[in-house]
Amino acid sequence: TEQVDDPQAIDLHQQTVLPGLIDCHTHPKYIADALHGTACTPPNVNSIREMIAALKASPQYGQGPDVWIEGWGFDETKLAEHRAPTVDDLDQVTTKQPIFIYRSDCHSSVGNSKALALAGIDQNTPDPKGGHIERFPDGRPTGFMREVAASQLLIRAKSAQSYENDVQNMVNSSDHYLENGIVAIGEMMGRLNPYPTLRLYQDAVKQGFKPRASIYYVYDELKPGQALDPVGDDQLRVAGIKIFMDGSISGETADNSLPYPSGKRGVLL
């Protein structure tokens, strides 16, 4: 240090300097939601009973009928019951507030009866293309939404009700990236409904979201021949289109030449 005469030099005390990192394929909207949601993962949550208790301990619990209780990360193979939670399980937490929980792959999810009602999902609701609404033997939805197209039914209801919350969650996630050395991200789940993802990022940037972002819109959100505005600057840009071929291995929605041990096949798109 005696040889350094630059007055702006910073003594790092033998720490390592790395360039800013770019996470080119990630899901910042999902991460923003998860950062304020309840972790439904081991070692804290090992059963559906423990999941119910964890959700009741959520800061959102008891905050009113318009406040969603959110969770993330469950994997039915790691739960003591060896099954996914159902609408009946989540209704033991509350029926007054909507509940939404991402599965570990973020392709599938589960909701309680309040969430299903807000999304307009009942026993007569048809499966969306590329997704499946799981049902009990009597036809009643179990609350489990298999694959992105089905999960999106709940997500749209949640986002339509709480856009400002979505913006604030994005702003709150900014430091998460910077603290981990990530200065630029690729948003690989751009949506046009219930609002354009670009607008979400623009409003988040106005309120302090700092990472640079490239947005890729999901193909099935676009109408045939629809053009996207070529928005681009140092902070935000619309970079391209994302096309799904099928789903996830752990969620048994990716298609393989042989069926899964459960007998299920994947969801082809």
# chains A, B, ... in the order shown; residues from 1 in each chain; ligands from 1
$ closest_atom_pairs --of "range 149-263 of chain A" --to "range 10-33 of chain A" --cutoff "9 Å" --atoms "only C-alpha atoms" --output "tab-separated table"
residue	atom	partner	partner_atom	distance
A:Asp166	CA	A:Asp33	CA	7.5
A:Gln168	CA	A:Ala32	CA	8.8
A:Asn169	CA	A:Ala32	CA	5.2
A:Met170	CA	A:Ala32	CA	5.2
A:Val171	CA	A:Ala32	CA	8.2
A:Asn172	CA	A:Ala32	CA	7.3
A:Ser173	CA	A:Ala32	CA	5.4
A:Ser174	CA	A:Ala32	CA	8.7
A:Leu178	CA	A:Gly20	CA	8.7
A:Asn180	CA	A:Leu21	CA	8.7
A:Gly181	CA	A:Gly20	CA	5.6
A:Ile182	CA	A:Leu21	CA	4.5
A:Val183	CA	A:Gly20	CA	5.5
A:Ala184	CA	A:Ile22	CA	4.8
A:Ile185	CA	A:Asp23	CA	4.8
A:Gly186	CA	A:Cys24	CA	4.3
A:Glu187	CA	A:His27	CA	5.4
A:Met188	CA	A:His27	CA	5.9
A:Met189	CA	A:His27	CA	6.4
A:Thr197	CA	A:Lys29	CA	9.0
A:Ser214	CA	A:Cys24	CA	8.2
$ write_last_selection --atoms "N, CA and C atoms" --output "PDB file, in the first residue's frame"
ATOM      1  N   ASP A 166     -46.866  -5.343  -6.626  1.00  0.00           N
ATOM      2  CA  ASP A 166     -45.897  -5.951  -7.536  1.00  0.00           C
ATOM      3  C   ASP A 166     -44.732  -5.002  -7.789  1.00  0.00           C
ATOM      4  N   GLN A 168     -43.705  -2.542  -5.799  1.00  0.00           N
ATOM      5  CA  GLN A 168     -42.917  -2.410  -4.571  1.00  0.00           C
ATOM      6  C   GLN A 168     -42.059  -3.636  -4.321  1.00  0.00           C
ATOM      7  N   ASN A 169     -42.584  -4.827  -4.648  1.00  0.00           N
ATOM      8  CA  ASN A 169     -41.783  -6.051  -4.497  1.00  0.00           C
ATOM      9  C   ASN A 169     -40.560  -6.011  -5.404  1.00  0.00           C
ATOM     10  N   MET A 170     -40.734  -5.488  -6.622  1.00  0.00           N
ATOM     11  CA  MET A 170     -39.591  -5.373  -7.537  1.00  0.00           C
ATOM     12  C   MET A 170     -38.556  -4.403  -6.971  1.00  0.00           C
ATOM     13  N   VAL A 171     -39.009  -3.271  -6.457  1.00  0.00           N
ATOM     14  CA  VAL A 171     -38.093  -2.286  -5.880  1.00  0.00           C
ATOM     15  C   VAL A 171     -37.336  -2.908  -4.707  1.00  0.00           C
ATOM     16  N   ASN A 172     -38.049  -3.649  -3.877  1.00  0.00           N
ATOM     17  CA  ASN A 172     -37.426  -4.265  -2.704  1.00  0.00           C
ATOM     18  C   ASN A 172     -36.396  -5.325  -3.083  1.00  0.00           C
ATOM     19  N   SER A 173     -36.521  -5.908  -4.287  1.00  0.00           N
ATOM     20  CA  SER A 173     -35.587  -6.959  -4.714  1.00  0.00           C
ATOM     21  C   SER A 173     -34.280  -6.396  -5.264  1.00  0.00           C
ATOM     22  N   SER A 174     -34.208  -5.089  -5.489  1.00  0.00           N
ATOM     23  CA  SER A 174     -33.047  -4.485  -6.133  1.00  0.00           C
ATOM     24  C   SER A 174     -31.751  -4.791  -5.377  1.00  0.00           C
ATOM     25  N   LEU A 178     -27.849  -6.641  -6.257  1.00  0.00           N
ATOM     26  CA  LEU A 178     -26.595  -5.897  -6.120  1.00  0.00           C
ATOM     27  C   LEU A 178     -25.706  -6.492  -5.037  1.00  0.00           C
ATOM     28  N   ASN A 180     -25.394  -9.470  -4.312  1.00  0.00           N
ATOM     29  CA  ASN A 180     -24.816 -10.711  -4.833  1.00  0.00           C
ATOM     30  C   ASN A 180     -23.997 -10.475  -6.099  1.00  0.00           C
ATOM     31  N   GLY A 181     -23.695  -9.207  -6.395  1.00  0.00           N
ATOM     32  CA  GLY A 181     -22.825  -8.879  -7.511  1.00  0.00           C
ATOM     33  C   GLY A 181     -23.483  -8.913  -8.873  1.00  0.00           C
ATOM     34  N   ILE A 182     -24.812  -9.021  -8.906  1.00  0.00           N
ATOM     35  CA  ILE A 182     -25.537  -9.093 -10.178  1.00  0.00           C
ATOM     36  C   ILE A 182     -26.021  -7.693 -10.548  1.00  0.00           C
ATOM     37  N   VAL A 183     -25.526  -7.171 -11.668  1.00  0.00           N
ATOM     38  CA  VAL A 183     -25.855  -5.806 -12.077  1.00  0.00           C
ATOM     39  C   VAL A 183     -26.800  -5.759 -13.275  1.00  0.00           C
ATOM     40  N   ALA A 184     -27.023  -6.915 -13.931  1.00  0.00           N
ATOM     41  CA  ALA A 184     -27.918  -6.959 -15.088  1.00  0.00           C
ATOM     42  C   ALA A 184     -28.614  -8.313 -15.120  1.00  0.00           C
ATOM     43  N   ILE A 185     -29.883  -8.310 -15.537  1.00  0.00           N
ATOM     44  CA  ILE A 185     -30.697  -9.519 -15.503  1.00  0.00           C
ATOM     45  C   ILE A 185     -31.482  -9.675 -16.798  1.00  0.00           C
ATOM     46  N   GLY A 186     -31.793 -10.926 -17.116  1.00  0.00           N
ATOM     47  CA  GLY A 186     -32.675 -11.240 -18.229  1.00  0.00           C
ATOM     48  C   GLY A 186     -34.004 -11.730 -17.690  1.00  0.00           C
ATOM     49  N   GLU A 187     -35.061 -10.955 -17.897  1.00  0.00           N
ATOM     50  CA  GLU A 187     -36.411 -11.333 -17.467  1.00  0.00           C
ATOM     51  C   GLU A 187     -37.004 -12.248 -18.533  1.00  0.00           C
ATOM     52  N   MET A 188     -37.087 -13.553 -18.214  1.00  0.00           N
ATOM     53  CA  MET A 188     -37.493 -14.536 -19.217  1.00  0.00           C
ATOM     54  C   MET A 188     -38.969 -14.916 -19.151  1.00  0.00           C
ATOM     55  N   MET A 189     -39.765 -14.124 -18.434  1.00  0.00           N
ATOM     56  CA  MET A 189     -41.201 -14.405 -18.375  1.00  0.00           C
ATOM     57  C   MET A 189     -41.998 -13.123 -18.577  1.00  0.00           C
ATOM     58  N   THR A 197     -45.112  -6.300 -18.769  1.00  0.00           N
ATOM     59  CA  THR A 197     -43.954  -6.409 -17.883  1.00  0.00           C
ATOM     60  C   THR A 197     -43.048  -5.187 -18.006  1.00  0.00           C
ATOM     61  N   SER A 214     -33.153  -6.914 -19.408  1.00  0.00           N
ATOM     62  CA  SER A 214     -33.590  -7.234 -20.766  1.00  0.00           C
ATOM     63  C   SER A 214     -34.806  -8.138 -20.643  1.00  0.00           C
TER      64      SER A 214
END
$ residues_around --residues "range 78-83 of chain A" --least-positions-apart "3" --cutoff "6 Å" --atoms "only C-alpha atoms" --output "PDB file with N, CA and C atoms, in the first residue's frame"
ATOM      1  N   ASN A  46     -41.350 -29.423   6.536  1.00  0.00           N
ATOM      2  CA  ASN A  46     -41.136 -30.806   6.117  1.00  0.00           C
ATOM      3  C   ASN A  46     -42.441 -31.573   5.936  1.00  0.00           C
ATOM      4  N   SER A  47     -43.546 -30.888   6.124  1.00  0.00           N
ATOM      5  CA  SER A  47     -44.848 -31.536   6.004  1.00  0.00           C
ATOM      6  C   SER A  47     -45.890 -30.476   5.693  1.00  0.00           C
ATOM      7  N   ASP A  75     -41.879 -28.947  -2.516  1.00  0.00           N
ATOM      8  CA  ASP A  75     -41.679 -30.093  -3.409  1.00  0.00           C
ATOM      9  C   ASP A  75     -42.363 -31.271  -2.737  1.00  0.00           C
TER      10      ASP A  75
END
$ closest_residue --among "A:Gln60, A:Gln152, A:Gln3, A:Asn165" --to "Gly131 in chain A" --atoms "only C-alpha atoms"
A:Gln152
$ closest_residue --among "A:Pro85, A:Gly120, A:Gly247, A:Pro211" --to "Glu50 in chain A" --atoms "only C-alpha atoms"
A:Pro85
$ residues_around --residues "Val110 in chain A" --least-positions-apart "5" --cutoff "12 Å" --atoms "only C-alpha atoms" --output "ChimeraX atom specification"
/A:69-76,83-91,98-104,115-116,132-135,141-148,150-155
$ residues_around --residues "Glu221 in chain A" --least-positions-apart "6" --cutoff "8 Å" --atoms "only C-alpha atoms" --output "VMD selection string"
chain A and resid 191 to 193
$ write_last_selection --atoms "N, CA and C atoms" --output "short mmCIF file (atom, residue, chain, number, x, y, z; two decimals), in the first residue's frame"
data_model
loop_
_atom_site.label_atom_id
_atom_site.label_comp_id
_atom_site.auth_asym_id
_atom_site.auth_seq_id
_atom_site.Cartn_x
_atom_site.Cartn_y
_atom_site.Cartn_z
N ARG A 191 -44.70 -10.63 -19.72
CA ARG A 191 -46.13 -10.81 -19.97
C ARG A 191 -46.76 -9.51 -20.45
N LEU A 192 -47.87 -9.65 -21.16
CA LEU A 192 -48.68 -8.49 -21.56
C LEU A 192 -49.96 -8.40 -20.75
N ASN A 193 -50.30 -9.47 -20.03
CA ASN A 193 -51.51 -9.52 -19.21
C ASN A 193 -51.17 -9.95 -17.80
#
$ select_by_dssp --residues "range 11-233 of chain A" --states "strand (DSSP E or B)" --output "PyMOL selection string"
chain A and resi 21-26+38-39+69-74+99-103+109-111+132-135+141-146+182-190+212-218+232
$ write_last_selection --atoms "C-alpha atoms" --output "CSV table (one decimal), in the first residue's frame"
chain,number,residue,atom,x,y,z
A,21,LEU,CA,-22.3,-10.3,-13.1
A,22,ILE,CA,-25.1,-10.8,-15.7
A,23,ASP,CA,-27.8,-13.3,-14.9
A,24,CYS,CA,-29.1,-13.7,-18.5
A,25,HIS,CA,-31.9,-16.2,-17.7
A,26,THR,CA,-33.8,-15.6,-14.6
A,38,THR,CA,-43.0,-17.7,3.1
A,39,ALA,CA,-40.3,-20.4,2.4
A,69,ILE,CA,-50.5,-14.7,1.6
A,70,GLU,CA,-47.7,-16.0,-0.6
A,71,GLY,CA,-45.2,-18.9,-0.3
A,72,TRP,CA,-42.7,-20.7,-2.4
A,73,GLY,CA,-40.5,-23.7,-2.8
A,74,PHE,CA,-42.5,-26.7,-1.8
A,99,ILE,CA,-53.2,-17.9,-0.7
A,100,PHE,CA,-50.7,-18.6,-3.5
A,101,ILE,CA,-47.7,-20.9,-3.3
A,102,TYR,CA,-45.2,-21.6,-6.0
A,103,ARG,CA,-43.9,-25.1,-6.4
A,109,SER,CA,-48.5,-23.7,-7.9
A,110,VAL,CA,-51.4,-24.2,-5.5
A,111,GLY,CA,-54.1,-21.8,-4.2
A,132,HIS,CA,-53.9,-28.6,-16.2
A,133,ILE,CA,-56.2,-27.8,-13.3
A,134,GLU,CA,-55.9,-30.8,-11.0
A,135,ARG,CA,-59.2,-32.1,-9.7
A,141,PRO,CA,-60.4,-28.3,-8.3
A,142,THR,CA,-57.8,-29.4,-5.8
A,143,GLY,CA,-56.1,-26.0,-6.0
A,144,PHE,CA,-53.0,-27.5,-7.7
A,145,MET,CA,-52.3,-25.7,-11.0
A,146,ARG,CA,-50.0,-27.8,-13.1
A,182,ILE,CA,-25.5,-9.1,-10.2
A,183,VAL,CA,-25.9,-5.8,-12.1
A,184,ALA,CA,-27.9,-7.0,-15.1
A,185,ILE,CA,-30.7,-9.5,-15.5
A,186,GLY,CA,-32.7,-11.2,-18.2
A,187,GLU,CA,-36.4,-11.3,-17.5
A,188,MET,CA,-37.5,-14.5,-19.2
A,189,MET,CA,-41.2,-14.4,-18.4
A,190,GLY,CA,-42.4,-11.1,-19.9
A,212,ARG,CA,-30.3,-3.3,-15.9
A,213,ALA,CA,-32.9,-5.6,-17.4
A,214,SER,CA,-33.6,-7.2,-20.8
A,215,ILE,CA,-37.2,-8.5,-21.1
A,216,TYR,CA,-38.2,-11.5,-23.2
A,217,TYR,CA,-41.9,-11.8,-23.7
A,218,VAL,CA,-43.6,-15.2,-23.6
A,232,GLY,CA,-34.3,0.3,-25.3
$ atom_distance --atom1 "CA of Ser257 in chain A" --atom2 "CA of Asp220 in chain A"
25.4 Å
$ select_by_dssp --residues "range 145-208 of chain A" --states "helix (DSSP H, G or I)" --output "JSON, numbers by chain"
{"A": [148, 149, 150, 151, 152, 153, 154, 155, 156, 157, 158, 159, 160, 161, 163, 164, 165, 166, 167, 168, 169, 170, 171, 172, 173, 174, 175, 176, 177, 178, 179, 197, 198, 199, 200, 201, 202, 203, 204, 205, 206]}
$ atom_distance --atom1 "CA of Pro126 in chain A" --atom2 "CA of Ala160 in chain A"
20.9 Å
$ residues_around --residues "Asp66 in chain A" --least-positions-apart "2" --cutoff "9 Å" --atoms "only C-alpha atoms" --output "MDAnalysis selection string"
chainID A and resid 63:64 68 96:98 161:162
$ residues_around --residues "Ala53 in chain A" --least-positions-apart "4" --cutoff "8 Å" --atoms "only C-alpha atoms" --output "mmCIF file with N, CA and C atoms, in the first residue's frame"
data_model
loop_
_atom_site.group_PDB
_atom_site.id
_atom_site.type_symbol
_atom_site.label_atom_id
_atom_site.label_comp_id
_atom_site.auth_asym_id
_atom_site.auth_seq_id
_atom_site.Cartn_x
_atom_site.Cartn_y
_atom_site.Cartn_z
ATOM 1 N N ARG A 49 -48.559 -30.081 7.416
ATOM 2 C CA ARG A 49 -48.911 -29.513 8.720
ATOM 3 C C ARG A 49 -47.982 -28.357 9.071
ATOM 4 N N ALA A 57 -47.882 -17.921 10.197
ATOM 5 C CA ALA A 57 -46.887 -17.016 10.790
ATOM 6 C C ALA A 57 -46.428 -15.949 9.801
ATOM 7 N N VAL A 93 -55.534 -22.608 6.767
ATOM 8 C CA VAL A 93 -54.827 -21.377 7.118
ATOM 9 C C VAL A 93 -55.839 -20.248 7.208
#
$ residues_around --residues "Gln123 in chain A" --least-positions-apart "2" --cutoff "7 Å" --atoms "only C-alpha atoms" --output "NGL selection string"
:A and (125 or 139-141)
$ atom_distance --atom1 "CA of Gly266 in chain A" --atom2 "CA of Gly240 in chain A"
26.1 Å
